[in-house]
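Listing of run-v4.pdb, PDB, C-alpha atoms
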```pdb
MODEL        1
ATOM      1  CA  MET O   1     110.224  15.230  23.403
ATOM      2  CA  ILE O   2     106.517  14.788  22.612
ATOM      3  CA  ARG O   3     105.138  11.662  24.289
ATOM      4  CA  VAL O   4     102.531   9.998  22.060
ATOM      5  CA  LEU O   5     100.033   7.220  22.769
ATOM      6  CA  LEU O   6      98.652   5.386  19.718
ATOM      7  CA  VAL O   7      95.099   4.005  19.917
ATOM      8  CA  ASP O   8      93.649   1.943  17.070
ATOM      9  CA  ASP O   9      92.050  -1.492  16.933
ATOM     10  CA  GLN O  10      94.033  -2.386  13.801
ATOM     11  CA  ARG O  11      97.546  -3.550  14.592
ATOM     12  CA  LEU O  12      98.768  -2.706  11.105
ATOM     13  CA  VAL O  13      97.592   0.892  11.471
ATOM     14  CA  ARG O  14      99.365   1.201  14.805
ATOM     15  CA  ALA O  15     102.556  -0.235  13.304
ATOM     16  CA  GLY O  16     102.427   2.344  10.514
ATOM     17  CA  LEU O  17     101.856   5.186  12.944
ATOM     18  CA  ARG O  18     104.681   3.996  15.178
ATOM     19  CA  MET O  19     107.072   3.828  12.226
ATOM     20  CA  LEU O  20     106.020   7.307  11.148
ATOM     21  CA  CYS O  21     106.483   8.761  14.640
ATOM     22  CA  SER O  22     109.883   7.108  14.985
ATOM     23  CA  SER O  23     111.063   9.109  11.974
ATOM     24  CA  ALA O  24     110.678  12.346  13.955
ATOM     25  CA  ALA O  25     113.456  13.154  16.410
ATOM     26  CA  ASP O  26     111.127  15.066  18.736
ATOM     27  CA  ILE O  27     108.376  12.416  19.011
ATOM     28  CA  SER O  28     108.424   9.311  21.193
ATOM     29  CA  VAL O  29     105.715   6.622  21.169
ATOM     30  CA  VAL O  30     105.188   5.687  24.829
ATOM     31  CA  GLY O  31     102.435   3.129  24.310
ATOM     32  CA  GLU O  32      99.880   1.465  22.053
ATOM     33  CA  ALA O  33      96.286   0.443  22.757
ATOM     34  CA  GLY O  34      93.925  -1.667  20.688
ATOM     35  CA  ASN O  35      90.693  -0.415  22.282
ATOM     36  CA  GLY O  36      89.315   2.425  24.360
ATOM     37  CA  GLN O  37      89.422   0.630  27.682
ATOM     38  CA  GLU O  38      93.085  -0.172  27.247
ATOM     39  CA  ALA O  39      93.732   3.417  26.179
ATOM     40  CA  VAL O  40      92.247   4.765  29.416
ATOM     41  CA  ARG O  41      94.483   2.486  31.494
ATOM     42  CA  LEU O  42      97.603   3.284  29.491
ATOM     43  CA  ALA O  43      97.023   7.037  29.540
ATOM     44  CA  GLU O  44      97.061   6.922  33.339
ATOM     45  CA  ARG O  45     100.257   4.888  33.362
ATOM     46  CA  VAL O  46     102.445   6.366  30.621
ATOM     47  CA  HIS O  47     101.375  10.059  30.856
ATOM     48  CA  PRO O  48     101.272  10.965  27.142
ATOM     49  CA  ASP O  49     101.278  14.536  25.858
ATOM     50  CA  VAL O  50      99.299  13.646  22.723
ATOM     51  CA  ILE O  51      96.988  10.720  21.980
ATOM     52  CA  LEU O  52      96.161   9.688  18.415
ATOM     53  CA  MET O  53      92.711   8.206  18.997
ATOM     54  CA  ASP O  54      90.790   6.067  16.534
ATOM     55  CA  ILE O  55      87.109   6.973  16.782
ATOM     56  CA  ARG O  56      85.468   3.695  15.837
ATOM     57  CA  MET O  57      86.559   0.699  17.893
ATOM     58  CA  PRO O  58      84.673  -2.290  19.334
ATOM     59  CA  GLY O  59      83.672  -2.106  22.984
ATOM     60  CA  VAL O  60      84.752   1.224  24.447
ATOM     61  CA  ASP O  61      85.087   3.472  21.408
ATOM     62  CA  GLY O  62      87.325   6.488  20.951
ATOM     63  CA  ILE O  63      84.662   8.980  21.990
ATOM     64  CA  VAL O  64      84.014   7.365  25.366
ATOM     65  CA  ALA O  65      87.738   6.804  25.885
ATOM     66  CA  THR O  66      88.429  10.473  25.166
ATOM     67  CA  GLU O  67      85.853  11.569  27.740
ATOM     68  CA  ARG O  68      87.290   9.268  30.405
ATOM     69  CA  ILE O  69      90.906  10.196  29.734
ATOM     70  CA  LEU O  70      90.267  13.947  29.761
ATOM     71  CA  ALA O  71      88.182  13.701  32.914
ATOM     72  CA  ALA O  72      91.256  12.328  34.687
ATOM     73  CA  ARG O  73      93.983  14.139  32.721
ATOM     74  CA  PRO O  74      92.544  17.340  31.170
ATOM     75  CA  ALA O  75      95.934  18.532  29.919
ATOM     76  CA  VAL O  76      96.273  15.618  27.485
ATOM     77  CA  ARG O  77      95.759  16.560  23.837
ATOM     78  CA  VAL O  78      93.573  14.012  22.051
ATOM     79  CA  VAL O  79      93.631  14.046  18.253
ATOM     80  CA  ALA O  80      90.884  11.962  16.667
ATOM     81  CA  LEU O  81      91.859   9.736  13.755
ATOM     82  CA  THR O  82      89.024   9.519  11.282
ATOM     83  CA  THR O  83      88.064   8.247   7.841
ATOM     84  CA  PHE O  84      85.986   9.968   5.185
ATOM     85  CA  ASP O  85      82.805   8.095   6.172
ATOM     86  CA  ASP O  86      83.019   9.019   9.864
ATOM     87  CA  ASP O  87      80.674  12.017   9.625
ATOM     88  CA  ASP O  88      78.359  10.852  12.420
ATOM     89  CA  HIS O  89      81.276  10.586  14.848
ATOM     90  CA  LEU O  90      82.957  13.938  14.266
ATOM     91  CA  TYR O  91      80.782  16.170  16.421
ATOM     92  CA  PRO O  92      80.553  13.660  19.303
ATOM     93  CA  ALA O  93      84.359  13.388  19.322
ATOM     94  CA  LEU O  94      84.636  17.176  19.408
ATOM     95  CA  ALA O  95      82.112  17.340  22.244
ATOM     96  CA  ALA O  96      84.113  14.696  24.119
ATOM     97  CA  GLY O  97      87.123  17.011  24.072
ATOM     98  CA  ALA O  98      89.163  16.064  21.004
ATOM     99  CA  CYS O  99      91.393  18.999  20.073
ATOM    100  CA  GLY O 100      91.535  18.112  16.392
ATOM    101  CA  PHE O 101      90.869  15.594  13.640
ATOM    102  CA  LEU O 102      93.285  13.988  11.197
ATOM    103  CA  VAL O 103      92.347  11.578   8.433
ATOM    104  CA  LYS O 104      94.124   8.236   8.502
ATOM    105  CA  ASP O 105      95.343   8.528   4.925
ATOM    106  CA  ALA O 106      96.833  11.990   5.412
ATOM    107  CA  GLU O 107     100.320  12.673   4.122
ATOM    108  CA  PRO O 108     103.006  11.575   6.611
ATOM    109  CA  ASP O 109     104.299  15.121   6.998
ATOM    110  CA  ASP O 110     100.770  16.322   7.792
ATOM    111  CA  LEU O 111     100.354  13.730  10.546
ATOM    112  CA  ILE O 112     103.678  14.654  12.120
ATOM    113  CA  ALA O 113     102.804  18.340  11.878
ATOM    114  CA  GLY O 114      99.423  17.594  13.461
ATOM    115  CA  ILE O 115     101.064  15.929  16.462
ATOM    116  CA  ARG O 116     103.385  18.904  16.914
ATOM    117  CA  ARG O 117     100.533  21.380  16.606
ATOM    118  CA  ALA O 118      98.458  19.498  19.164
ATOM    119  CA  SER O 119     101.390  19.398  21.570
ATOM    120  CA  ALA O 120     101.872  23.144  21.153
ATOM    121  CA  GLY O 121      98.248  23.809  22.093
ATOM    122  CA  ASP O 122      96.957  24.309  18.563
ATOM    123  CA  SER O 123      94.057  22.419  16.965
ATOM    124  CA  PRO O 124      95.091  20.259  13.992
ATOM    125  CA  PHE O 125      92.361  19.616  11.431
ATOM    126  CA  SER O 126      92.746  17.917   8.076
ATOM    127  CA  PRO O 127      91.244  20.306   5.487
ATOM    128  CA  THR O 128      88.741  17.671   4.321
ATOM    129  CA  VAL O 129      87.469  17.205   7.867
ATOM    130  CA  MET O 130      87.255  20.955   8.470
ATOM    131  CA  ARG O 131      85.161  21.376   5.316
ATOM    132  CA  LYS O 132      82.801  18.584   6.387
ATOM    133  CA  LEU O 133      82.303  19.995   9.858
ATOM    134  CA  VAL O 134      81.738  23.524   8.605
ATOM    135  CA  SER O 135      79.377  22.352   5.858
ATOM    136  CA  ARG O 136      77.232  20.342   8.260
ATOM    137  CA  ALA O 137      77.136  23.137  10.808
ATOM    138  CA  LEU O 138      76.179  25.705   8.172
ATOM    139  CA  ALA O 139      73.173  23.590   7.213
ATOM    140  CA  LYS O 140      71.889  23.808  10.780
ATOM    141  CA  THR O 141      72.582  27.408  11.766
ATOM    142  CA  SER O 142      71.389  30.871  10.799
ATOM    143  CA  SER O 143      73.422  33.963   9.985
ATOM    144  CA  PRO O 144      75.537  35.068  12.952
ATOM    145  CA  ALA O 145      75.758  38.366  14.766
ATOM    146  CA  LEU O 146      79.199  39.528  15.838
ATOM    147  CA  PRO O 147      78.635  42.137  18.561
ATOM    148  CA  GLY O 148      81.759  43.698  19.981
ATOM    149  CA  VAL O 149      84.127  41.916  17.595
ATOM    150  CA  THR O 150      86.938  44.264  16.572
ATOM    151  CA  ALA O 151      88.293  44.712  13.059
ATOM    152  CA  ARG O 152      91.460  42.792  13.946
ATOM    153  CA  GLU O 153      89.413  39.986  15.479
ATOM    154  CA  ARG O 154      87.409  39.782  12.257
ATOM    155  CA  GLU O 155      90.661  39.296  10.368
ATOM    156  CA  VAL O 156      91.688  36.524  12.745
ATOM    157  CA  LEU O 157      88.233  34.959  12.504
ATOM    158  CA  GLY O 158      88.428  34.918   8.719
ATOM    159  CA  LEU O 159      91.796  33.188   8.800
ATOM    160  CA  VAL O 160      90.490  30.600  11.275
ATOM    161  CA  GLY O 161      87.713  29.975   8.764
ATOM    162  CA  ALA O 162      90.332  29.491   6.063
ATOM    163  CA  GLY O 163      91.827  26.673   8.136
ATOM    164  CA  LEU O 164      95.064  28.396   9.086
ATOM    165  CA  THR O 165      96.937  27.399  12.239
ATOM    166  CA  ASN O 166      97.789  29.919  14.950
ATOM    167  CA  GLY O 167     101.333  30.113  13.610
ATOM    168  CA  GLU O 168     100.129  30.687  10.050
ATOM    169  CA  ILE O 169      97.703  33.381  11.209
ATOM    170  CA  ALA O 170     100.517  35.080  13.114
ATOM    171  CA  ALA O 171     102.716  35.082  10.008
ATOM    172  CA  GLN O 172      99.859  36.368   7.832
ATOM    173  CA  LEU O 173      99.104  39.274  10.176
ATOM    174  CA  HIS O 174     102.732  39.900  11.223
ATOM    175  CA  VAL O 175     101.997  39.423  14.923
ATOM    176  CA  GLY O 176     103.089  36.950  17.586
ATOM    177  CA  VAL O 177     101.431  33.584  18.160
ATOM    178  CA  THR O 178     100.540  34.672  21.691
ATOM    179  CA  THR O 179      98.654  37.640  20.238
ATOM    180  CA  VAL O 180      96.721  35.310  17.934
ATOM    181  CA  LYS O 181      95.826  33.056  20.861
ATOM    182  CA  THR O 182      94.581  36.109  22.762
ATOM    183  CA  HIS O 183      92.382  37.153  19.832
ATOM    184  CA  ILE O 184      90.963  33.642  19.494
ATOM    185  CA  ALA O 185      90.215  33.450  23.215
ATOM    186  CA  SER O 186      88.435  36.798  22.918
ATOM    187  CA  LEU O 187      86.458  35.579  19.902
ATOM    188  CA  LEU O 188      85.373  32.441  21.749
ATOM    189  CA  ASP O 189      84.195  34.597  24.633
ATOM    190  CA  LYS O 190      82.422  37.261  22.551
ATOM    191  CA  THR O 191      80.692  34.866  20.154
ATOM    192  CA  GLY O 192      79.869  32.122  22.637
ATOM    193  CA  CYS O 193      81.471  29.568  20.330
ATOM    194  CA  PRO O 194      82.710  26.502  22.234
ATOM    195  CA  ASN O 195      85.566  25.649  19.867
ATOM    196  CA  ARG O 196      87.540  26.468  16.741
ATOM    197  CA  ILE O 197      85.146  24.619  14.431
ATOM    198  CA  ARG O 198      82.274  26.865  15.451
ATOM    199  CA  LEU O 199      84.485  29.901  14.859
ATOM    200  CA  ALA O 200      85.189  28.612  11.353
ATOM    201  CA  VAL O 201      81.449  28.257  10.773
ATOM    202  CA  LEU O 202      80.876  31.846  11.926
ATOM    203  CA  ALA O 203      83.606  33.110   9.635
ATOM    204  CA  THR O 204      82.052  31.332   6.666
ATOM    205  CA  GLN O 205      78.542  32.550   7.456
ATOM    206  CA  ALA O 206      79.714  36.125   7.910
ATOM    207  CA  GLY O 207      81.670  36.112   4.644
ATOM    208  CA  LEU O 208      84.964  36.789   6.399
ATOM    209  CA  VAL O 209      86.999  33.955   4.886
ATOM    210  CA  PRO O 210      89.537  35.450   2.458
ATOM    211  CA  GLN O 211      89.452  33.934  -0.992
ATOM    212  CA  ASN O 212      93.090  34.570  -1.791
ATOM    213  CA  LEU O 213      95.842  34.472   0.786
ATOM    214  CA  ALA O 214      99.255  36.024   0.135
TER
ENDMDL
END
```
Translate the structure described by the file into structure tokens.
Amino acid sequence: MIRVLLVDDQRLVRAGLRMLCSSAADISVVGEAGNGQEAVRLAERVHPDVILMDIRMPGVDGIVATERILAARPAVRVVALTTFDDDDHLYPALAAGACGFLVKDAEPDDLIAGIRRASAGDSPFSPTVMRKLVSRALAKTSSPALPGVTAREREVLGLVGAGLTNGEIAAQLHVGVTTVKTHIASLLDKTGCPNRIRLAVLATQAGLVPQNLA
């Protein structure tokens, strides 16, 4: 059972998320918080596996709350909930330790899948958010060098750039998920990228993103 904490300052949003989570047999909502300060207290008390964290909230916002929660409980997976006009908050949330970003108006199945992916150690990103992050990063960086990156790692890098999950990459390359995770860890080490978003940027800059996937 995946233990989920919902954090949003809008009660109606939390009610919708709770109803959605209750439709999944493997997800249990263990608490709700209306602001960041309350989220920090609840996370210590209810021990969630995944936190759906609104970024913009009055008082202690989602970015500060994420930092405080992960400082005390680094194993918690925090997924930032964002809207299309949240561009200025995306990178700070990533720097605070968010493992992924989902838009609030995503399809219900995508939100449920995102929770499961986060719980499994993957990084869920709504495609629209991934494109925004990559686009903004591309505007600020130069062409990358990829010293020591193997041919197989280039394939994995390209598929990360295409927005595929670890499971989807494994299926595409006919390897195990553990093998994909090993390749990604190696890529992070060899390229100096701090996270999956930066890997996606590298893949785009290097022209490794496949245009047509089977």
Seminar exercise, completed: A straight line from CA of Val50 in chain O to CA of Leu12 in chain O spans 20.1 Å
Problem set entry | Contact residues around range 182-188 of chain O with all atoms listed in the file at 12 Å, ignoring same-chain residues under 2 positions, as a PyMOL selection string | chain O and resi 122-123+146-161+165-166+169-170+173+175-180+190-200+202-203
Problem set entry | CA of Ser23 in chain O to CA of Ala75 in chain O, straight-line distance in Å | 25.3 Å
For this session: Report as a ChimeraX atom specification the full result of the PyMOL selection byres ((chain O and resi 119) around 12) when it is applied to this structure.
Result: /O:1-4,26-27,48-52,75-79,99-100,112-118,120-124
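The space separating CA of Ala206 in chain O from CA of Pro127 in chain O comes to 19.7 Å.
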Exercise. If you apply the PyMOL selection byres ((chain O and resi 57) around 10) to this file, what residues do you get, as a VMD selection string?
Worked result: chain O and resid 7 to 10 34 to 36 53 to 56 58 to 63
Exercise. Quick one: of O:Ala65, O:Met19, O:Ala95, O:Ala162, who's nearest to Gln37 in chain O, counting all atoms listed in the file?
Worked result: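 For Gln37 in chain O, the nearest of the candidates is O:Ala65.
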Problem set entry | Residue nearest Asp105 in chain O - candidates O:Ala93, O:Val209, O:Leu17, O:Val40, atoms counted: all atoms listed in the file | O:Leu17
Exercise. Which residue out of O:Pro108, O:Val129, O:Glu44, O:Val29 has the minimum interatomic distance to Leu90 in chain O when only C-alpha atoms are used?
Worked result: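 Of O:Pro108, O:Val129, O:Glu44, O:Val29, the one nearest Leu90 in chain O is O:Val129, counting only C-alpha atoms.
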Exercise. Which neighbours of Arg73 in chain O fall inside 9 Å, counting all atoms listed in the file, when residues of the same chain fewer than 3 positions from it are skipped, and could you give them as a list in words?
Worked result: Ala43, Glu44, His47, Arg68, Ile69, Leu70 and Val76 of chain O
Expected file: the selected residues, C-alpha atoms, as a PDB file, keeping the file's coordinate frame:
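File written: again_31.pdb
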```pdb
ATOM      1  CA  ALA O  43      97.023   7.037  29.540  1.00  0.00           C
ATOM      2  CA  GLU O  44      97.061   6.922  33.339  1.00  0.00           C
ATOM      3  CA  HIS O  47     101.375  10.059  30.856  1.00  0.00           C
ATOM      4  CA  ARG O  68      87.290   9.268  30.405  1.00  0.00           C
ATOM      5  CA  ILE O  69      90.906  10.196  29.734  1.00  0.00           C
ATOM      6  CA  LEU O  70      90.267  13.947  29.761  1.00  0.00           C
ATOM      7  CA  VAL O  76      96.273  15.618  27.485  1.00  0.00           C
TER       8      VAL O  76
END
```
